[in-house]
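Q: Handing over final.cif, mmCIF, C-alpha atoms and all ligand atoms.
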data_run
#
loop_
_atom_site.group_PDB
_atom_site.id
_atom_site.type_symbol
_atom_site.label_atom_id
_atom_site.label_comp_id
_atom_site.auth_asym_id
_atom_site.auth_seq_id
_atom_site.Cartn_x
_atom_site.Cartn_y
_atom_site.Cartn_z
ATOM 1 C CA MET A 64 -48.440 -105.266 12.240
ATOM 2 C CA TYR A 65 -49.484 -106.082 15.747
ATOM 3 C CA SER A 66 -46.167 -104.941 17.117
ATOM 4 C CA LYS A 67 -46.557 -101.647 15.254
ATOM 5 C CA LEU A 68 -49.885 -101.087 16.912
ATOM 6 C CA ASP A 69 -48.357 -102.014 20.238
ATOM 7 C CA ASN A 70 -45.606 -99.466 19.757
ATOM 8 C CA LYS A 71 -48.091 -96.796 18.889
ATOM 9 C CA GLY A 72 -50.137 -97.805 21.930
ATOM 10 C CA ASN A 73 -47.053 -97.626 24.111
ATOM 11 C CA ILE A 74 -46.174 -94.180 22.833
ATOM 12 C CA ILE A 75 -49.705 -92.916 23.478
ATOM 13 C CA THR A 76 -49.788 -94.516 26.932
ATOM 14 C CA GLY A 77 -46.354 -93.054 27.686
ATOM 15 C CA THR A 78 -47.346 -89.567 26.558
ATOM 16 C CA THR A 79 -50.575 -89.746 28.553
ATOM 17 C CA ALA A 80 -48.666 -90.859 31.628
ATOM 18 C CA ILE A 81 -46.173 -87.992 31.276
ATOM 19 C CA LEU A 82 -49.068 -85.572 30.779
ATOM 20 C CA ILE A 83 -50.894 -86.849 33.874
ATOM 21 C CA VAL A 84 -47.720 -86.695 35.985
ATOM 22 C CA SER A 85 -47.015 -83.134 34.780
ATOM 23 C CA LEU A 86 -50.586 -82.049 35.537
ATOM 24 C CA LEU A 87 -50.332 -83.643 38.974
ATOM 25 C CA LEU A 88 -47.056 -81.828 39.679
ATOM 26 C CA ILE A 89 -48.571 -78.505 38.596
ATOM 27 C CA PHE A 90 -51.611 -79.212 40.769
ATOM 28 C CA ILE A 91 -49.437 -80.007 43.814
ATOM 29 C CA PHE A 92 -47.372 -76.891 43.157
ATOM 30 C CA VAL A 93 -50.468 -74.684 42.962
ATOM 31 C CA ILE A 94 -51.963 -76.223 46.134
ATOM 32 C CA ASN A 95 -48.658 -75.670 47.972
ATOM 33 C CA ALA A 96 -48.470 -72.139 46.695
ATOM 34 C CA ILE A 97 -52.011 -71.432 47.925
ATOM 35 C CA ASN A 98 -51.251 -72.954 51.316
ATOM 36 C CA ASN A 99 -48.090 -70.930 51.656
ATOM 37 C CA VAL A 100 -49.542 -67.589 50.587
ATOM 38 C CA GLU A 101 -50.344 -66.413 54.086
ATOM 39 C CA ASN A 102 -47.065 -67.638 55.524
ATOM 40 C CA ASP A 103 -45.243 -65.691 52.828
ATOM 41 C CA ASN A 104 -47.330 -62.731 53.753
ATOM 42 C CA ILE A 105 -46.279 -63.006 57.395
ATOM 43 C CA GLU A 106 -42.696 -63.687 56.362
ATOM 44 C CA SER A 107 -42.646 -60.413 54.455
ATOM 45 C CA ILE A 108 -43.196 -58.445 57.668
ATOM 46 C CA GLU A 109 -39.919 -56.611 58.270
ATOM 47 C CA ASN A 110 -40.145 -55.825 61.954
ATOM 48 C CA ASP A 111 -39.159 -58.992 63.887
ATOM 49 C CA ASN A 112 -41.130 -58.134 66.990
ATOM 50 C CA PHE A 113 -44.297 -57.453 64.984
ATOM 51 C CA LYS A 114 -43.765 -60.614 62.947
ATOM 52 C CA TYR A 115 -43.455 -62.603 66.185
ATOM 53 C CA ILE A 116 -46.796 -61.210 67.412
ATOM 54 C CA ILE A 117 -48.635 -62.180 64.214
ATOM 55 C CA ASN A 118 -47.047 -65.624 64.178
ATOM 56 C CA ASP A 119 -47.983 -66.097 67.819
ATOM 57 C CA TYR A 120 -51.591 -65.103 67.072
ATOM 58 C CA ASN A 121 -51.680 -67.548 64.146
ATOM 59 C CA LYS A 122 -50.301 -70.358 66.325
ATOM 60 C CA ASN A 123 -52.898 -69.700 69.025
ATOM 61 C CA LEU A 124 -55.709 -70.084 66.499
ATOM 62 C CA GLU A 125 -55.104 -73.832 66.605
ATOM 63 C CA GLU A 126 -56.188 -74.209 70.223
ATOM 64 C CA ILE A 127 -58.832 -71.466 70.248
ATOM 65 C CA GLY A 128 -60.398 -72.993 67.119
ATOM 66 C CA ARG A 129 -60.390 -76.433 68.676
ATOM 67 C CA ASN A 130 -61.986 -75.107 71.876
ATOM 68 C CA SER A 131 -64.681 -73.463 69.760
ATOM 69 C CA ILE A 132 -65.495 -76.811 68.117
ATOM 70 C CA ALA A 133 -65.556 -78.539 71.529
ATOM 71 C CA GLU A 134 -67.988 -75.911 72.827
ATOM 72 C CA GLU A 135 -70.297 -76.554 69.878
ATOM 73 C CA THR A 136 -70.166 -80.326 70.487
ATOM 74 C CA GLU A 137 -71.096 -79.827 74.159
ATOM 75 C CA LYS A 138 -74.383 -78.268 73.013
ATOM 76 C CA LEU A 139 -75.415 -81.645 71.559
ATOM 77 C CA TYR A 140 -74.397 -83.449 74.727
ATOM 78 C CA HIS A 141 -76.666 -81.077 76.641
ATOM 79 C CA GLY A 142 -79.798 -81.715 74.605
ATOM 80 C CA HIS A 143 -79.579 -78.939 72.021
ATOM 81 C CA ILE A 144 -80.057 -79.381 68.287
ATOM 82 C CA ILE A 145 -77.565 -77.934 65.798
ATOM 83 C CA HIS A 146 -78.579 -76.671 62.366
ATOM 84 C CA ASP A 147 -75.405 -75.105 60.977
ATOM 85 C CA SER A 148 -72.297 -76.004 62.940
ATOM 86 C CA ARG A 149 -69.931 -74.006 60.734
ATOM 87 C CA LYS A 150 -71.924 -70.830 61.318
ATOM 88 C CA ASP A 151 -72.164 -71.510 65.081
ATOM 89 C CA ILE A 152 -68.446 -72.247 65.426
ATOM 90 C CA LYS A 153 -67.644 -69.057 63.484
ATOM 91 C CA LYS A 154 -69.702 -67.113 66.006
ATOM 92 C CA ILE A 155 -68.103 -68.829 69.022
ATOM 93 C CA LEU A 156 -64.613 -68.254 67.614
ATOM 94 C CA ASN A 157 -65.360 -64.596 66.796
ATOM 95 C CA ASN A 158 -66.344 -64.030 70.419
ATOM 96 C CA LYS A 159 -63.273 -65.797 71.755
ATOM 97 C CA LEU A 160 -61.035 -63.755 69.449
ATOM 98 C CA LYS A 161 -62.513 -60.519 70.787
ATOM 99 C CA ASP A 162 -61.049 -61.463 74.193
ATOM 100 C CA VAL A 163 -57.787 -62.556 72.619
ATOM 101 C CA ASN A 164 -57.513 -59.213 70.792
ATOM 102 C CA LYS A 165 -57.918 -57.387 74.112
ATOM 103 C CA GLU A 166 -55.196 -59.576 75.625
ATOM 104 C CA TYR A 167 -52.829 -58.775 72.750
ATOM 105 C CA LYS A 168 -53.557 -55.070 73.176
ATOM 106 C CA GLU A 169 -52.576 -55.258 76.838
ATOM 107 C CA LYS A 170 -49.644 -57.618 76.386
ATOM 108 C CA TYR A 171 -48.074 -56.292 73.167
ATOM 109 C CA GLY A 172 -49.714 -52.918 72.588
ATOM 110 C CA VAL A 173 -51.011 -54.135 69.241
ATOM 111 C CA GLU A 174 -54.434 -53.233 67.882
ATOM 112 C CA ILE A 175 -56.069 -56.262 66.261
ATOM 113 C CA ARG A 176 -59.396 -56.513 64.482
ATOM 114 C CA SER A 177 -60.447 -60.015 63.490
ATOM 115 C CA GLU A 178 -63.236 -61.677 61.537
ATOM 116 C CA VAL A 179 -63.541 -65.427 61.023
ATOM 117 C CA VAL A 180 -63.833 -66.029 57.277
ATOM 118 C CA SER A 181 -64.556 -69.758 57.290
ATOM 119 C CA VAL A 182 -64.584 -73.030 59.194
ATOM 120 C CA GLU A 183 -63.902 -75.829 56.725
ATOM 121 C CA SER A 184 -63.569 -79.573 56.406
ATOM 122 C CA THR A 185 -60.190 -80.620 54.996
ATOM 123 C CA ASP A 186 -58.907 -83.602 53.048
ATOM 124 C CA SER A 187 -58.050 -85.173 56.410
ATOM 125 C CA PRO A 188 -60.972 -86.274 58.609
ATOM 126 C CA TRP A 189 -58.851 -85.467 61.683
ATOM 127 C CA LYS A 190 -58.448 -81.761 60.936
ATOM 128 C CA VAL A 191 -60.653 -78.683 60.575
ATOM 129 C CA LEU A 192 -59.347 -75.565 58.808
ATOM 130 C CA PHE A 193 -59.925 -72.062 60.150
ATOM 131 C CA LYS A 194 -59.451 -68.924 58.085
ATOM 132 C CA VAL A 195 -59.410 -65.633 59.950
ATOM 133 C CA HIS A 196 -59.034 -62.185 58.436
ATOM 134 C CA ILE A 197 -57.063 -59.917 60.753
ATOM 135 C CA ARG A 198 -55.895 -56.331 60.651
ATOM 136 C CA ALA A 199 -53.142 -55.612 63.114
ATOM 137 C CA ASP A 200 -51.531 -52.229 63.807
ATOM 138 C CA LYS A 201 -48.603 -51.396 66.049
ATOM 139 C CA ASP A 202 -46.604 -48.198 65.737
ATOM 140 C CA ASN A 203 -45.756 -47.977 62.028
ATOM 141 C CA ASN A 204 -46.306 -51.683 61.374
ATOM 142 C CA GLN A 205 -49.422 -53.060 59.791
ATOM 143 C CA TYR A 206 -50.591 -56.518 58.808
ATOM 144 C CA ASP A 207 -53.756 -57.089 56.818
ATOM 145 C CA GLY A 208 -54.301 -60.662 55.707
ATOM 146 C CA ILE A 209 -55.988 -63.993 56.141
ATOM 147 C CA LEU A 210 -54.468 -66.359 58.675
ATOM 148 C CA GLN A 211 -55.032 -70.086 58.147
ATOM 149 C CA ARG A 212 -54.718 -72.764 60.775
ATOM 150 C CA ASN A 213 -55.666 -76.436 61.088
ATOM 151 C CA SER A 214 -57.057 -77.728 64.364
ATOM 152 C CA SER A 215 -57.089 -81.396 65.279
ATOM 153 C CA ILE A 216 -60.405 -82.936 66.305
ATOM 154 C CA GLU A 217 -58.694 -85.938 67.940
ATOM 155 C CA GLY A 218 -59.611 -86.111 71.600
ATOM 156 C CA LEU A 219 -62.978 -84.379 71.084
ATOM 157 C CA LYS A 220 -66.302 -86.134 71.609
ATOM 158 C CA ASP A 221 -68.057 -87.764 68.651
ATOM 159 C CA PRO A 222 -71.065 -85.546 67.904
ATOM 160 C CA LEU A 223 -72.964 -88.036 65.727
ATOM 161 C CA PRO A 224 -74.758 -90.231 68.324
ATOM 162 C CA PHE A 225 -76.352 -87.250 70.074
ATOM 163 C CA ALA A 226 -77.035 -85.423 66.810
ATOM 164 C CA MET A 227 -78.908 -88.474 65.479
ATOM 165 C CA LEU A 228 -80.751 -89.459 68.639
ATOM 166 C CA SER A 229 -81.764 -86.074 70.036
ATOM 167 C CA ALA A 230 -85.395 -87.253 70.040
ATOM 168 C CA TYR A 231 -84.588 -90.193 72.331
ATOM 169 C CA SER A 232 -83.900 -89.735 76.012
ATOM 170 C CA ASN A 233 -82.402 -93.094 76.941
ATOM 171 C CA ILE A 234 -78.885 -92.596 75.687
ATOM 172 C CA ASP A 235 -76.005 -91.908 78.068
ATOM 173 C CA TYR A 236 -72.211 -91.771 78.243
ATOM 174 C CA ASP A 237 -69.293 -92.078 80.627
ATOM 175 C CA ASP A 238 -65.706 -90.835 80.170
ATOM 176 C CA THR A 239 -65.006 -92.986 77.136
ATOM 177 C CA THR A 240 -68.152 -94.694 75.907
ATOM 178 C CA ILE A 241 -71.611 -93.982 74.499
ATOM 179 C CA HIS A 242 -74.263 -96.248 76.038
ATOM 180 C CA TYR A 243 -77.226 -96.496 73.702
ATOM 181 C CA PHE A 244 -79.541 -98.468 76.028
ATOM 182 C CA GLN A 245 -82.880 -98.581 74.108
ATOM 183 C CA SER A 246 -82.405 -95.408 72.061
ATOM 184 C CA LEU A 247 -80.622 -96.870 69.055
ATOM 185 C CA SER A 248 -82.949 -99.871 68.691
ATOM 186 C CA GLN A 249 -85.932 -97.498 68.877
ATOM 187 C CA TYR A 250 -84.357 -95.327 66.188
ATOM 188 C CA LEU A 251 -83.753 -98.412 63.994
ATOM 189 C CA LEU A 252 -87.332 -99.584 64.521
ATOM 190 C CA VAL A 253 -88.642 -96.201 63.365
ATOM 191 C CA ASN A 254 -86.367 -96.519 60.308
ATOM 192 C CA ASN A 255 -87.726 -99.999 59.472
ATOM 193 C CA VAL A 256 -84.434 -101.808 60.066
ATOM 194 C CA ASN A 257 -84.679 -105.610 60.473
ATOM 195 C CA SER A 258 -83.758 -107.106 63.837
ATOM 196 C CA TYR A 259 -83.436 -103.705 65.471
ATOM 197 C CA GLU A 260 -83.437 -105.596 68.821
ATOM 198 C CA SER A 261 -79.829 -106.609 68.162
ATOM 199 C CA TYR A 262 -78.817 -103.041 69.069
ATOM 200 C CA ILE A 263 -80.482 -102.903 72.499
ATOM 201 C CA LEU A 264 -77.683 -101.976 74.968
ATOM 202 C CA ALA A 265 -75.178 -101.366 72.146
ATOM 203 C CA THR A 266 -72.117 -99.232 72.949
ATOM 204 C CA ALA A 267 -69.678 -97.129 70.937
ATOM 205 C CA PRO A 268 -66.493 -95.133 71.559
ATOM 206 C CA MET A 269 -67.126 -91.490 72.446
ATOM 207 C CA ILE A 270 -63.693 -89.843 72.142
ATOM 208 C CA ILE A 271 -62.251 -89.488 68.646
ATOM 209 C CA LYS A 272 -59.005 -91.458 68.464
ATOM 210 C CA LYS A 273 -57.370 -92.289 65.169
ATOM 211 C CA CYS A 274 -56.783 -96.031 64.720
ATOM 212 C CA PRO A 275 -53.054 -96.745 64.465
ATOM 213 C CA TYR A 276 -53.584 -100.134 62.779
ATOM 214 C CA ASP A 277 -53.143 -98.820 59.265
ATOM 215 C CA PRO A 278 -53.568 -100.363 56.655
ATOM 216 C CA TYR A 279 -56.870 -101.479 58.093
ATOM 217 C CA ILE A 280 -56.752 -104.926 56.508
ATOM 218 C CA HIS A 281 -54.457 -105.909 59.415
ATOM 219 C CA HIS A 282 -57.358 -105.806 61.872
ATOM 220 C CA GLY A 283 -57.731 -109.533 61.181
ATOM 221 C CA ASP A 284 -54.228 -110.294 62.531
ATOM 222 C CA GLY A 285 -54.091 -111.814 66.026
ATOM 223 C CA ASP A 286 -55.777 -109.624 68.652
ATOM 224 C CA THR A 287 -55.655 -106.429 66.576
ATOM 225 C CA MET A 288 -59.435 -106.080 66.207
ATOM 226 C CA LYS A 289 -59.950 -106.839 69.893
ATOM 227 C CA ASP A 290 -57.444 -104.119 70.810
ATOM 228 C CA CYS A 291 -59.012 -101.650 68.343
ATOM 229 C CA LEU A 292 -62.440 -102.146 69.981
ATOM 230 C CA LYS A 293 -60.996 -101.969 73.483
ATOM 231 C CA ASN A 294 -59.353 -98.620 72.707
ATOM 232 C CA GLY A 295 -62.343 -97.320 70.760
ATOM 233 C CA TYR A 296 -60.508 -96.246 67.634
ATOM 234 C CA PHE A 297 -62.056 -94.359 64.714
ATOM 235 C CA HIS A 298 -61.165 -95.056 61.087
ATOM 236 C CA GLU A 299 -60.788 -92.976 57.960
ATOM 237 C CA SER A 300 -63.619 -93.671 55.548
ATOM 238 C CA ALA A 301 -64.740 -92.086 52.291
ATOM 239 C CA ASP A 302 -68.270 -93.322 53.106
ATOM 240 C CA GLY A 303 -68.430 -91.911 56.660
ATOM 241 C CA SER A 304 -68.940 -88.247 57.488
ATOM 242 C CA CYS A 305 -66.465 -85.592 58.621
ATOM 243 C CA TYR A 306 -66.538 -83.990 62.078
ATOM 244 C CA LEU A 307 -68.382 -80.800 61.063
ATOM 245 C CA CYS A 308 -71.108 -82.701 59.198
ATOM 246 C CA ARG A 309 -71.449 -85.061 62.201
ATOM 247 C CA LEU A 310 -72.311 -81.994 64.280
ATOM 248 C CA ASP A 311 -75.105 -81.236 61.818
ATOM 249 C CA GLY A 312 -76.459 -84.786 62.127
ATOM 250 C CA ASP A 313 -75.182 -86.085 58.781
ATOM 251 C CA ALA A 314 -73.865 -89.649 58.860
ATOM 252 C CA VAL A 315 -72.629 -89.314 55.280
ATOM 253 C CA CYS A 316 -71.251 -86.218 53.530
ATOM 254 C CA PRO A 317 -69.229 -85.138 50.489
ATOM 255 C CA HIS A 318 -66.001 -84.726 52.534
ATOM 256 C CA TYR A 319 -63.492 -87.400 53.426
ATOM 257 C CA GLY A 320 -64.798 -88.726 56.736
ATOM 258 C CA MET A 321 -64.506 -91.361 59.412
ATOM 259 C CA GLU A 322 -66.354 -94.401 60.706
ATOM 260 C CA VAL A 323 -66.547 -96.168 64.048
ATOM 261 C CA PHE A 324 -68.014 -99.543 65.012
ATOM 262 C CA ILE A 325 -71.164 -99.578 67.107
ATOM 263 C CA GLN A 326 -70.761 -102.709 69.195
ATOM 264 C CA PRO A 327 -73.847 -104.830 69.862
ATOM 265 C CA HIS A 328 -74.025 -106.945 73.006
ATOM 266 C CA THR A 329 -76.694 -109.434 72.019
ATOM 267 C CA PRO A 330 -77.272 -113.179 72.112
ATOM 268 C CA LEU A 331 -79.426 -112.839 68.958
ATOM 269 C CA THR A 332 -77.735 -114.465 65.978
ATOM 270 C CA ASN A 333 -79.755 -113.259 63.000
ATOM 271 C CA GLY A 334 -78.482 -110.581 60.661
ATOM 272 C CA SER A 335 -79.167 -106.903 61.243
ATOM 273 C CA VAL A 336 -77.872 -103.566 60.020
ATOM 274 C CA SER A 337 -74.062 -103.558 59.588
ATOM 275 C CA CYS A 338 -72.463 -101.862 62.601
ATOM 276 C CA SER A 339 -70.267 -99.191 60.969
ATOM 277 C CA ASP A 340 -71.896 -95.960 62.161
ATOM 278 C CA HIS A 341 -72.590 -94.503 58.696
ATOM 279 C CA VAL A 342 -74.472 -97.730 57.861
ATOM 280 C CA VAL A 343 -76.419 -97.728 61.139
ATOM 281 C CA PHE A 344 -77.397 -94.066 60.783
ATOM 282 C CA HIS A 345 -77.780 -93.743 57.025
ATOM 283 C CA ASP A 346 -77.088 -96.557 54.596
ATOM 284 C CA HIS A 347 -78.980 -99.256 56.553
ATOM 285 C CA TYR A 348 -77.615 -102.294 54.660
ATOM 286 C CA GLU A 349 -77.404 -105.687 56.326
ATOM 287 C CA GLY A 350 -74.560 -107.533 57.980
ATOM 288 C CA GLU A 351 -73.971 -110.768 59.868
ATOM 289 C CA LYS A 352 -72.309 -111.462 63.190
ATOM 290 C CA LEU A 353 -68.628 -112.246 62.692
ATOM 291 C CA ASN A 354 -68.906 -114.829 65.455
ATOM 292 C CA LYS A 355 -72.414 -116.087 66.210
ATOM 293 C CA LEU A 356 -71.394 -117.525 69.604
ATOM 294 C CA ASP A 357 -69.944 -114.234 70.881
ATOM 295 C CA ILE A 358 -72.501 -111.795 72.335
ATOM 296 C CA ASN A 359 -70.033 -108.923 71.780
ATOM 297 C CA SER A 360 -69.402 -109.784 68.137
ATOM 298 C CA LEU A 361 -69.595 -107.055 65.521
ATOM 299 C CA ILE A 362 -72.326 -107.298 62.887
ATOM 300 C CA LEU A 363 -70.625 -106.585 59.565
ATOM 301 C CA ASP A 364 -71.398 -106.640 55.853
ATOM 302 C CA SER A 365 -68.909 -108.433 53.641
ATOM 303 C CA SER A 366 -67.275 -105.303 52.198
ATOM 304 C CA HIS A 367 -66.482 -103.866 55.637
ATOM 305 C CA ALA A 368 -65.276 -107.306 56.779
ATOM 306 C CA LYS A 369 -62.987 -107.313 53.750
ATOM 307 C CA LYS A 370 -61.734 -103.745 54.359
ATOM 308 C CA TYR A 371 -60.676 -104.738 57.891
ATOM 309 C CA GLY A 372 -59.408 -108.206 56.957
ATOM 310 C CA LEU A 373 -61.958 -110.020 59.124
ATOM 311 C CA ASP A 374 -63.481 -113.467 58.583
ATOM 312 C CA TYR A 375 -66.879 -114.850 59.530
ATOM 313 C CA ASP A 376 -66.629 -117.661 62.062
ATOM 314 C CA ASP A 377 -69.811 -119.706 62.652
ATOM 315 C CA GLY A 378 -68.194 -121.692 65.453
ATOM 316 C CA GLN A 379 -67.653 -124.776 63.233
HETATM 317 ZN ZN ZN B 401 -58.999 -99.957 64.169
HETATM 318 ZN ZN ZN B 402 -68.585 -83.319 55.794
#
For the structure just supplied, provide its representation as structure tokens.
Ligand SMILES: [Zn+2]
Ligand SMILES: [Zn+2]
A:
Amino acid sequence: MYSKLDNKGNIITGTTAILIVSLLLIFIFVINAINNVENDNIESIENDNFKYIINDYNKNLEEIGRNSIAEETEKLYHGHIIHDSRKDIKKILNNKLKDVNKEYKEKYGVEIRSEVVSVESTDSPWKVLFKVHIRADKDNNQYDGILQRNSSIEGLKDPLPFAMLSAYSNIDYDDTTIHYFQSLSQYLLVNNVNSYESYILATAPMIIKKCPYDPYIHHGDGDTMKDCLKNGYFHESADGSCYLCRLDGDAVCPHYGMEVFIQPHTPLTNGSVSCSDHVVFHDHYEGEKLNKLDINSLILDSSHAKKYGLDYDDGQ
């Protein structure tokens, strides 16, 4: 009797599995189809020269989009506050494209009208998606469609520190590093975080660089963590925020995001807020120094320590 039930169970499990796999395949197919729509559209252009021009324009969106994001980030680094980064970047990109359209008119004799449709977070924290509606006319050729292009945010400055601490003046940076001086501890004090003094003189990486030590649990191997901190790598994190939401001053968001370690430099040994940036700027839960004797030790909660394969060492 039990085996009968088991068989039935197996059949149901098997059918469910097949159903889930089929649904997944259909989903992937649909997503691919959506992503390829515009390419197909370009591909259907018959005139090779005209097709080349549209493809070239689409390719250039990658860099022009990225430059538009960088320009928006610079605003934060120069003391401005951002309310809606997507709207601002749209505006910056629209202006840049006006110049590009003039260039294309002179270079290729093509008339282009463009309007940025959207600036979007993607399922990768390292990429931002641009959608631009263009109408291009040359001789008897016409293209009317939405171009889509991903831009990488690697190599850009992290917007979050300046978005969060705009009210504090004593924060600075050099080519690679954010120096928090007193600003972060003051911010933590205002937010009622215990042992906020631990973050006096804390530092963090400024330039977004994707950590190559994936899976992250290997950070506990040999000098991996030391090297990660030295290079200032950022990590994928469902809990951290994406680049566009960082611009708006959100340390957590609904998109797949990233996290970076804010490194204390303190002789204090008591626990304080865990040093992953989304915890420091939003979640505010506690962590302990990984190594109490090391003034440069990270302060981490146990789940982050586990994610990165790190152990607590009390110098015993
Ligand atoms: Zn790393
Ligand atoms: Zn987001």
Q: Quick one, how far is atom CA of A:Ile209 from atom CA of A:Lys194?
A: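 Value for the atom CA of A:Ile209-atom CA of A:Lys194 distance: 6.3 Å.
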Q: What are the centre and the three edge lengths of an axis-aligned box that wraps all atoms of stretch 322-334 of chain A in the file, given that 4 Å is added to every side, written as lines of an AutoDock Vina configuration file and rounded to one decimal in Å?
A:
center_x = -73.1
center_y = -104.4
center_z = 66.8
size_x = 21.4
size_y = 28.1
size_z = 20.3
Q: Which is closer to ligand ZN 402 (chain B) than all the others in A:Asp302, A:Glu109, A:Glu349, A:Asp357, using all atoms listed in the file?
A: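 Using all atoms listed in the file, the shortest distance to ligand ZN 402 (chain B) belongs to A:Asp302.
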Q: Kindly resolve the PyMOL selection byres (((not hetatm)) within 7 of (chain B and resi 401)) on the present coordinates and return the residues as a list in words.
A: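 Here the PyMOL selection byres (((not hetatm)) within 7 of (chain B and resi 401)) matches Cys274, Pro275, Tyr276, Tyr279, His282, Met288, Cys291, Tyr296, Phe297 and His298 of chain A.
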Q: For C-alpha atoms, I'd like the residues from the last selection saved as a CSV table (one decimal), keeping the file's coordinate frame.
A:
chain,number,residue,atom,x,y,z
A,274,CYS,CA,-56.8,-96.0,64.7
A,275,PRO,CA,-53.1,-96.7,64.5
A,276,TYR,CA,-53.6,-100.1,62.8
A,279,TYR,CA,-56.9,-101.5,58.1
A,282,HIS,CA,-57.4,-105.8,61.9
A,288,MET,CA,-59.4,-106.1,66.2
A,291,CYS,CA,-59.0,-101.6,68.3
A,296,TYR,CA,-60.5,-96.2,67.6
A,297,PHE,CA,-62.1,-94.4,64.7
A,298,HIS,CA,-61.2,-95.1,61.1
Q: Hey, could you make a per-residue contact list for chain A against ligand ZN 402 (chain B) with 7 Å as the cut-off, showing the nearest pair of atoms and its distance in Å to one decimal, counting all atoms listed in the file, sorted by chain and number, as a tab-separated table?
A:
residue	atom	partner	partner_atom	distance
A:Ser184	CA	B:ZN402	ZN	6.3
A:Ser304	CA	B:ZN402	ZN	5.2
A:Cys305	CA	B:ZN402	ZN	4.2
A:Tyr306	CA	B:ZN402	ZN	6.6
A:Leu307	CA	B:ZN402	ZN	5.8
A:Cys308	CA	B:ZN402	ZN	4.3
A:Cys316	CA	B:ZN402	ZN	4.5
A:Pro317	CA	B:ZN402	ZN	5.6
A:His318	CA	B:ZN402	ZN	4.4
A:Tyr319	CA	B:ZN402	ZN	6.9
A:Gly320	CA	B:ZN402	ZN	6.7
Q: What is the distance between atom CA of A:Asp186 and atom CA of A:Ser337, in Å to one decimal?
A: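 These two atoms are separated by 25.9 Å.
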Q: Point out the residue among A:Arg212, A:Lys168, A:Lys114, A:Lys220 with the least atom-to-atom distance to A:Thr136, counting all atoms listed in the file.
A: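 For A:Thr136, the nearest of the candidates is A:Lys220.
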Q: If you measure from atom CA of A:Gly218 to atom CA of A:Ala314, what distance in Å do you get, rounded to one decimal?
A: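 Those two atoms sit 19.4 Å apart.
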Q: Pull out every residue that the PyMOL selection byres (((chain A and resi 152-161) around 12) and not hetatm) matches in the shown coordinates and put them as a ChimeraX atom specification.
A: /A:120-121,123-138,145-151,162-168,174-183,191-197,307,310-311
Q: From the list A:His341, A:Gly312, A:Leu86, A:Val336, which residue is nearest A:Ala226 when using only C-alpha atoms?
A: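 For A:Ala226, the nearest of the given residues is A:Gly312.
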Q: A:Asn257: which residues within 12 Å, counting only C-alpha atoms, same-chain residues fewer than 6 positions away excluded, as an NGL selection string?
A: :A and (248-251 or 333-337 or 343 or 347-351)
Q: Closest to A:Leu247 among A:Leu363, A:Val323, A:Ile81, A:Leu228, using only C-alpha atoms?
A: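 For A:Leu247, the nearest of the given residues is A:Leu228.
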